[in-house]
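Trainee: So here's upload26.csv (CSV, C-alpha atoms).
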chain,number,residue,atom,x,y,z
A,1,MET,CA,104.4,-37.7,-74.2
A,2,GLN,CA,101.9,-40.6,-74.2
A,3,VAL,CA,102.1,-43.1,-71.3
A,4,ILE,CA,102.9,-46.1,-73.6
A,5,ASP,CA,105.5,-44.0,-75.4
A,6,ALA,CA,107.2,-43.2,-72.1
A,7,ALA,CA,107.1,-46.9,-71.2
A,8,HIS,CA,108.6,-47.9,-74.6
A,9,LYS,CA,111.3,-45.2,-74.3
A,10,THR,CA,112.2,-46.3,-70.8
A,11,VAL,CA,112.4,-50.0,-71.6
A,12,HIS,CA,114.5,-49.4,-74.7
A,13,ASN,CA,116.9,-47.0,-73.1
A,14,GLU,CA,120.4,-48.6,-73.2
A,15,LYS,CA,121.4,-46.5,-70.1
A,16,HIS,CA,119.1,-48.9,-68.2
A,17,GLY,CA,120.4,-52.0,-70.0
A,18,GLY,CA,117.6,-52.1,-72.6
A,19,SER,CA,114.7,-54.4,-72.8
A,20,VAL,CA,116.7,-57.6,-72.5
A,21,ALA,CA,118.2,-56.6,-69.1
A,22,ILE,CA,114.9,-55.2,-67.8
A,23,ALA,CA,112.9,-58.3,-68.9
A,24,ALA,CA,115.4,-60.6,-67.3
A,25,ARG,CA,115.1,-58.7,-64.0
A,26,MET,CA,111.4,-58.8,-64.2
A,27,GLY,CA,111.4,-62.6,-64.9
A,28,MET,CA,109.7,-62.4,-68.3
A,29,SER,CA,110.9,-62.9,-71.8
A,30,ASN,CA,112.2,-60.0,-73.8
A,31,ASN,CA,109.6,-60.6,-76.5
A,32,VAL,CA,106.7,-60.3,-74.0
A,33,LEU,CA,108.1,-57.1,-72.5
A,34,ASN,CA,108.7,-55.6,-75.9
A,35,SER,CA,105.1,-56.4,-76.9
A,36,LYS,CA,103.8,-54.9,-73.6
A,37,VAL,CA,105.5,-51.5,-74.3
A,38,ASN,CA,104.9,-51.5,-78.1
A,39,PRO,CA,102.4,-48.7,-78.9
A,40,ASN,CA,101.3,-50.7,-81.9
A,41,CYS,CA,100.6,-54.0,-80.1
A,42,ASP,CA,97.0,-54.7,-79.1
A,43,THR,CA,97.5,-58.2,-77.7
A,44,HIS,CA,99.8,-57.5,-74.7
A,45,HIS,CA,99.4,-54.7,-72.1
A,46,LEU,CA,101.7,-53.4,-69.4
A,47,ARG,CA,100.2,-53.8,-66.0
A,48,LEU,CA,100.5,-51.1,-63.4
A,49,ASP,CA,102.7,-53.2,-61.1
A,50,GLU,CA,105.0,-53.9,-64.0
A,51,ALA,CA,105.2,-50.2,-64.8
A,52,LEU,CA,106.1,-49.6,-61.2
A,53,THR,CA,108.8,-52.3,-61.3
A,54,ILE,CA,110.3,-50.8,-64.5
A,55,MET,CA,110.5,-47.4,-62.8
A,56,GLU,CA,112.0,-48.9,-59.7
A,57,PHE,CA,114.6,-50.8,-61.7
A,58,THR,CA,115.5,-47.9,-63.9
A,59,ASN,CA,115.0,-45.0,-61.6
A,60,ASP,CA,113.3,-43.4,-64.6
A,61,HIS,CA,110.0,-41.8,-63.7
A,62,SER,CA,108.9,-40.9,-67.3
A,63,ILE,CA,105.9,-43.3,-67.1
A,64,ILE,CA,104.4,-41.7,-64.0
A,65,GLN,CA,105.3,-38.2,-65.3
A,66,ALA,CA,103.3,-39.0,-68.5
A,67,MET,CA,100.4,-40.3,-66.4
A,68,ALA,CA,100.4,-37.2,-64.2
A,69,HIS,CA,100.7,-34.9,-67.2
A,70,ARG,CA,97.7,-36.6,-68.9
A,71,LEU,CA,95.7,-36.0,-65.7
A,72,GLY,CA,96.7,-32.4,-65.5
A,73,GLY,CA,99.2,-32.8,-62.6
A,74,VAL,CA,102.8,-33.3,-62.0
A,75,PHE,CA,104.9,-36.0,-60.5
A,76,CYS,CA,107.6,-34.9,-58.0
A,77,GLU,CA,109.9,-37.1,-55.9
A,78,VAL,CA,109.7,-36.3,-52.2
A,79,ASN,CA,113.1,-36.7,-50.6
A,80,GLY,CA,114.0,-36.5,-47.0
A,81,GLU,CA,115.0,-33.4,-45.1
A,82,ALA,CA,116.6,-30.7,-47.3
A,83,THR,CA,119.8,-29.1,-46.3
A,84,LYS,CA,120.4,-25.4,-47.0
A,85,ASP,CA,122.6,-26.4,-50.0
A,86,GLU,CA,119.9,-28.7,-51.4
A,87,LEU,CA,117.3,-26.0,-50.9
A,88,ILE,CA,119.4,-23.6,-52.9
A,89,MET,CA,120.2,-26.1,-55.6
A,90,THR,CA,116.5,-27.0,-55.9
A,91,ALA,CA,115.7,-23.3,-56.3
A,92,LEU,CA,118.4,-22.8,-58.9
A,93,SER,CA,117.2,-25.9,-60.8
A,94,ALA,CA,113.6,-24.6,-60.8
A,95,SER,CA,114.8,-21.3,-62.1
A,96,ALA,CA,116.9,-22.9,-64.8
A,97,CYS,CA,113.9,-25.0,-65.9
A,98,GLN,CA,111.8,-21.8,-66.2
A,99,GLY,CA,114.6,-20.4,-68.3
A,100,ASP,CA,114.5,-23.5,-70.5
A,101,VAL,CA,110.7,-23.0,-71.0
A,102,MET,CA,111.2,-19.4,-72.0
A,103,ALA,CA,114.1,-20.2,-74.4
A,104,GLU,CA,112.0,-22.9,-76.0
A,105,MET,CA,108.9,-20.6,-76.2
A,106,HIS,CA,111.1,-17.9,-77.9
A,107,LYS,CA,112.4,-20.4,-80.4
A,108,ALA,CA,108.9,-21.8,-81.1
A,109,LEU,CA,107.3,-18.4,-81.7
A,110,GLU,CA,110.0,-17.1,-84.1
A,111,ASP,CA,107.8,-18.0,-87.0
A,112,GLY,CA,104.6,-16.8,-85.2
A,113,ARG,CA,103.1,-20.2,-84.6
A,114,ILE,CA,103.6,-23.3,-82.5
A,115,SER,CA,103.9,-26.6,-84.5
A,116,CYS,CA,102.9,-30.0,-83.1
A,117,SER,CA,106.6,-30.9,-82.5
A,118,GLU,CA,107.2,-27.6,-80.8
A,119,LEU,CA,104.1,-28.2,-78.6
A,120,ASP,CA,105.5,-31.5,-77.5
A,121,VAL,CA,108.9,-30.0,-76.6
A,122,LEU,CA,107.3,-27.1,-74.8
A,123,SER,CA,104.9,-29.4,-72.9
A,124,ASN,CA,107.8,-31.5,-71.7
A,125,LYS,CA,109.8,-28.4,-70.6
A,126,ILE,CA,106.8,-27.0,-68.8
A,127,GLN,CA,106.2,-30.4,-67.1
A,128,THR,CA,109.8,-30.5,-65.9
A,129,ALA,CA,109.6,-26.9,-64.6
A,130,MET,CA,106.4,-27.7,-62.7
A,131,SER,CA,108.0,-30.7,-61.2
A,132,ALA,CA,111.0,-28.7,-60.2
A,133,LEU,CA,108.8,-26.0,-58.6
A,134,GLN,CA,106.8,-28.6,-56.7
A,135,SER,CA,110.1,-30.1,-55.5
A,136,LEU,CA,111.1,-26.6,-54.3
A,137,ASN,CA,107.7,-26.3,-52.5
A,138,ASN,CA,108.2,-29.6,-50.8
A,139,HIS,CA,111.7,-28.6,-49.6
A,140,VAL,CA,110.5,-25.2,-48.3
A,141,LYS,CA,107.6,-26.9,-46.4
A,142,ARG,CA,110.0,-29.4,-44.8
A,143,LYS,CA,112.4,-26.7,-43.9
A,144,HIS,CA,109.6,-24.7,-42.4
A,145,ALA,CA,108.4,-27.7,-40.4
A,146,LYS,CA,111.9,-28.3,-39.1
A,147,ASP,CA,112.3,-24.6,-38.1
A,148,ASN,CA,108.9,-24.5,-36.4
A,149,PRO,CA,108.4,-27.7,-34.4
A,150,HIS,CA,105.9,-25.9,-32.2
A,151,LEU,CA,103.5,-25.7,-35.1
A,152,GLN,CA,103.4,-29.4,-35.6
A,153,GLY,CA,99.9,-30.8,-35.2
A,154,GLN,CA,98.1,-27.5,-35.6
Now that the file is in, can you turn its structure into structure tokens?

Mentor:
Amino acid sequence: MQVIDAAHKTVHNEKHGGSVAIAARMGMSNNVLNSKVNPNCDTHHLRLDEALTIMEFTNDHSIIQAMAHRLGGVFCEVNGEATKDELIMTALSASACQGDVMAEMHKALEDGRISCSELDVLSNKIQTAMSALQSLNNHVKRKHAKDNPHLQGQ
């Protein structure tokens, strides 16, 4: 997904209150915010600090995920210390995401080719799986650090 498309989708998601609520919280008019996230508008542009504010207000990280994807990376939230249950749930989530990728790949290849829309769906599923795996890696490293305090600073 393109960065501006992710911003547009986030701002117009009714789950977050839509553009009217987000614009009000940001202290700008709804029309200005709509123009800033409109992929077809060349006169207004979303600033980085505004994109960050939108993500903070909505807790939707699609914008930064799209940025990371464009740069060949992944975005992954880093939470505090992981409990054993959180570690297991993160591992299960990563495994489920991998299953989602394989199911989508199977579906896409039924006709022997991958269409543009199938590529978009696959890319999003793969991005989600990579983020889940990075999250698991972060949890494992924090657990290791907690279990091996004698290795701190080495």

Trainee: Identify which of the residues A:Leu52, A:Ile63, A:Met102, A:Leu136 lies closest to Met89 (chain A), counting all atoms listed in the file when measuring atom-to-atom distances.

Mentor: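 Closest to Met89 (chain A) of all the choices is A:Leu136.
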
Trainee: What gap, in Å, lies between CA of Lys36 (chain A) and CA of Gly73 (chain A)?

Mentor: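 Distance reported for this atom pair: 25.1 Å.
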
Trainee: Pick from A:Asn31, A:Thr90, A:Asn38, A:Thr10: nearest to Asn59 (chain A), with all atoms listed in the file counted?

Mentor: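 Closest to Asn59 (chain A), using all atoms listed in the file: A:Thr10.
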
Trainee: Between A:Ala6, A:Leu71, A:Ala24, A:Leu151, which is the closest to Val37 (chain A) once you count all atoms listed in the file?

Mentor: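 Closest candidate: A:Ala6.
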
Trainee: My list of candidates is A:Ser117, A:Thr43, A:Ser135, A:Asn34. Which is closest to Ile88 (chain A) when distances are computed with only C-alpha atoms?

Mentor: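 Looking at the shortest contact to Ile88 (chain A), the residue is A:Ser135.
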
Trainee: Under the rule that all atoms listed in the file are counted, which of A:Asp85, A:Asp49, A:Lys15, A:Met1 is the nearest residue to Asp120 (chain A)?

Mentor: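 Going through A:Asp85, A:Asp49, A:Lys15, A:Met1 one by one, the smallest distance to Asp120 (chain A) is for A:Met1.
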
Trainee: Glu104 (chain A): which residues within 10 Å, counting only C-alpha atoms, same-chain residues fewer than 3 positions away excluded, as JSON, numbers by chain?

Mentor: {"A": [98, 99, 100, 101, 107, 108, 109, 118, 119, 121, 122, 125, 126]}

Trainee: Could you add N, CA, C and O atoms to region 87-108 of chain A and give me the result as a short mmCIF file (atom, residue, chain, number, x, y, z; two decimals), in the coordinates of the input?

Mentor:
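Result file follows (result.cif):
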data_model
loop_
_atom_site.label_atom_id
_atom_site.label_comp_id
_atom_site.auth_asym_id
_atom_site.auth_seq_id
_atom_site.Cartn_x
_atom_site.Cartn_y
_atom_site.Cartn_z
N LEU A 87 118.34 -27.01 -50.73
CA LEU A 87 117.30 -26.00 -50.90
C LEU A 87 117.70 -25.01 -52.00
O LEU A 87 116.95 -24.72 -52.94
N ILE A 88 118.90 -24.53 -51.90
CA ILE A 88 119.40 -23.60 -52.90
C ILE A 88 119.54 -24.21 -54.24
O ILE A 88 119.13 -23.62 -55.26
N MET A 89 120.07 -25.44 -54.30
CA MET A 89 120.20 -26.10 -55.60
C MET A 89 118.86 -26.41 -56.22
O MET A 89 118.70 -26.31 -57.44
N THR A 90 117.87 -26.76 -55.41
CA THR A 90 116.50 -27.00 -55.90
C THR A 90 115.93 -25.70 -56.49
O THR A 90 115.31 -25.70 -57.55
N ALA A 91 116.15 -24.60 -55.79
CA ALA A 91 115.70 -23.30 -56.30
C ALA A 91 116.35 -22.92 -57.58
O ALA A 91 115.70 -22.44 -58.52
N LEU A 92 117.66 -23.14 -57.65
CA LEU A 92 118.40 -22.80 -58.90
C LEU A 92 117.92 -23.73 -60.04
O LEU A 92 117.78 -23.27 -61.17
N SER A 93 117.67 -24.99 -59.75
CA SER A 93 117.20 -25.90 -60.80
C SER A 93 115.82 -25.48 -61.28
O SER A 93 115.56 -25.49 -62.49
N ALA A 94 114.93 -25.08 -60.37
CA ALA A 94 113.60 -24.60 -60.80
C ALA A 94 113.72 -23.37 -61.65
O ALA A 94 113.03 -23.24 -62.67
N SER A 95 114.61 -22.47 -61.28
CA SER A 95 114.80 -21.30 -62.10
C SER A 95 115.38 -21.60 -63.45
O SER A 95 114.95 -21.04 -64.47
N ALA A 96 116.33 -22.53 -63.51
CA ALA A 96 116.90 -22.90 -64.80
C ALA A 96 115.83 -23.58 -65.67
O ALA A 96 115.80 -23.32 -66.89
N CYS A 97 114.95 -24.37 -65.08
CA CYS A 97 113.90 -25.00 -65.90
C CYS A 97 112.94 -23.94 -66.45
O CYS A 97 112.49 -24.06 -67.59
N GLN A 98 112.66 -22.90 -65.67
CA GLN A 98 111.80 -21.80 -66.20
C GLN A 98 112.52 -21.12 -67.34
O GLN A 98 111.88 -20.75 -68.34
N GLY A 99 113.84 -20.95 -67.23
CA GLY A 99 114.60 -20.40 -68.30
C GLY A 99 114.54 -21.25 -69.58
O GLY A 99 114.42 -20.74 -70.70
N ASP A 100 114.59 -22.57 -69.39
CA ASP A 100 114.50 -23.50 -70.50
C ASP A 100 113.12 -23.35 -71.20
O ASP A 100 113.04 -23.39 -72.43
N VAL A 101 112.06 -23.18 -70.40
CA VAL A 101 110.70 -23.00 -71.00
C VAL A 101 110.69 -21.73 -71.82
O VAL A 101 110.22 -21.73 -72.96
N MET A 102 111.22 -20.64 -71.27
CA MET A 102 111.20 -19.40 -72.00
C MET A 102 112.05 -19.42 -73.27
O MET A 102 111.65 -18.90 -74.32
N ALA A 103 113.20 -20.07 -73.20
CA ALA A 103 114.10 -20.20 -74.40
C ALA A 103 113.34 -21.00 -75.47
O ALA A 103 113.36 -20.64 -76.66
N GLU A 104 112.68 -22.09 -75.07
CA GLU A 104 112.00 -22.90 -76.00
C GLU A 104 110.76 -22.17 -76.59
O GLU A 104 110.44 -22.29 -77.78
N MET A 105 110.08 -21.39 -75.76
CA MET A 105 108.90 -20.60 -76.20
C MET A 105 109.40 -19.56 -77.24
O MET A 105 108.76 -19.38 -78.28
N HIS A 106 110.52 -18.90 -76.97
CA HIS A 106 111.10 -17.90 -77.90
C HIS A 106 111.37 -18.56 -79.24
O HIS A 106 111.01 -18.05 -80.30
N LYS A 107 112.01 -19.71 -79.19
CA LYS A 107 112.40 -20.40 -80.40
C LYS A 107 111.12 -20.87 -81.17
O LYS A 107 111.05 -20.72 -82.40
N ALA A 108 110.11 -21.36 -80.46
CA ALA A 108 108.90 -21.80 -81.10
C ALA A 108 108.12 -20.69 -81.76
O ALA A 108 107.51 -20.88 -82.82
#
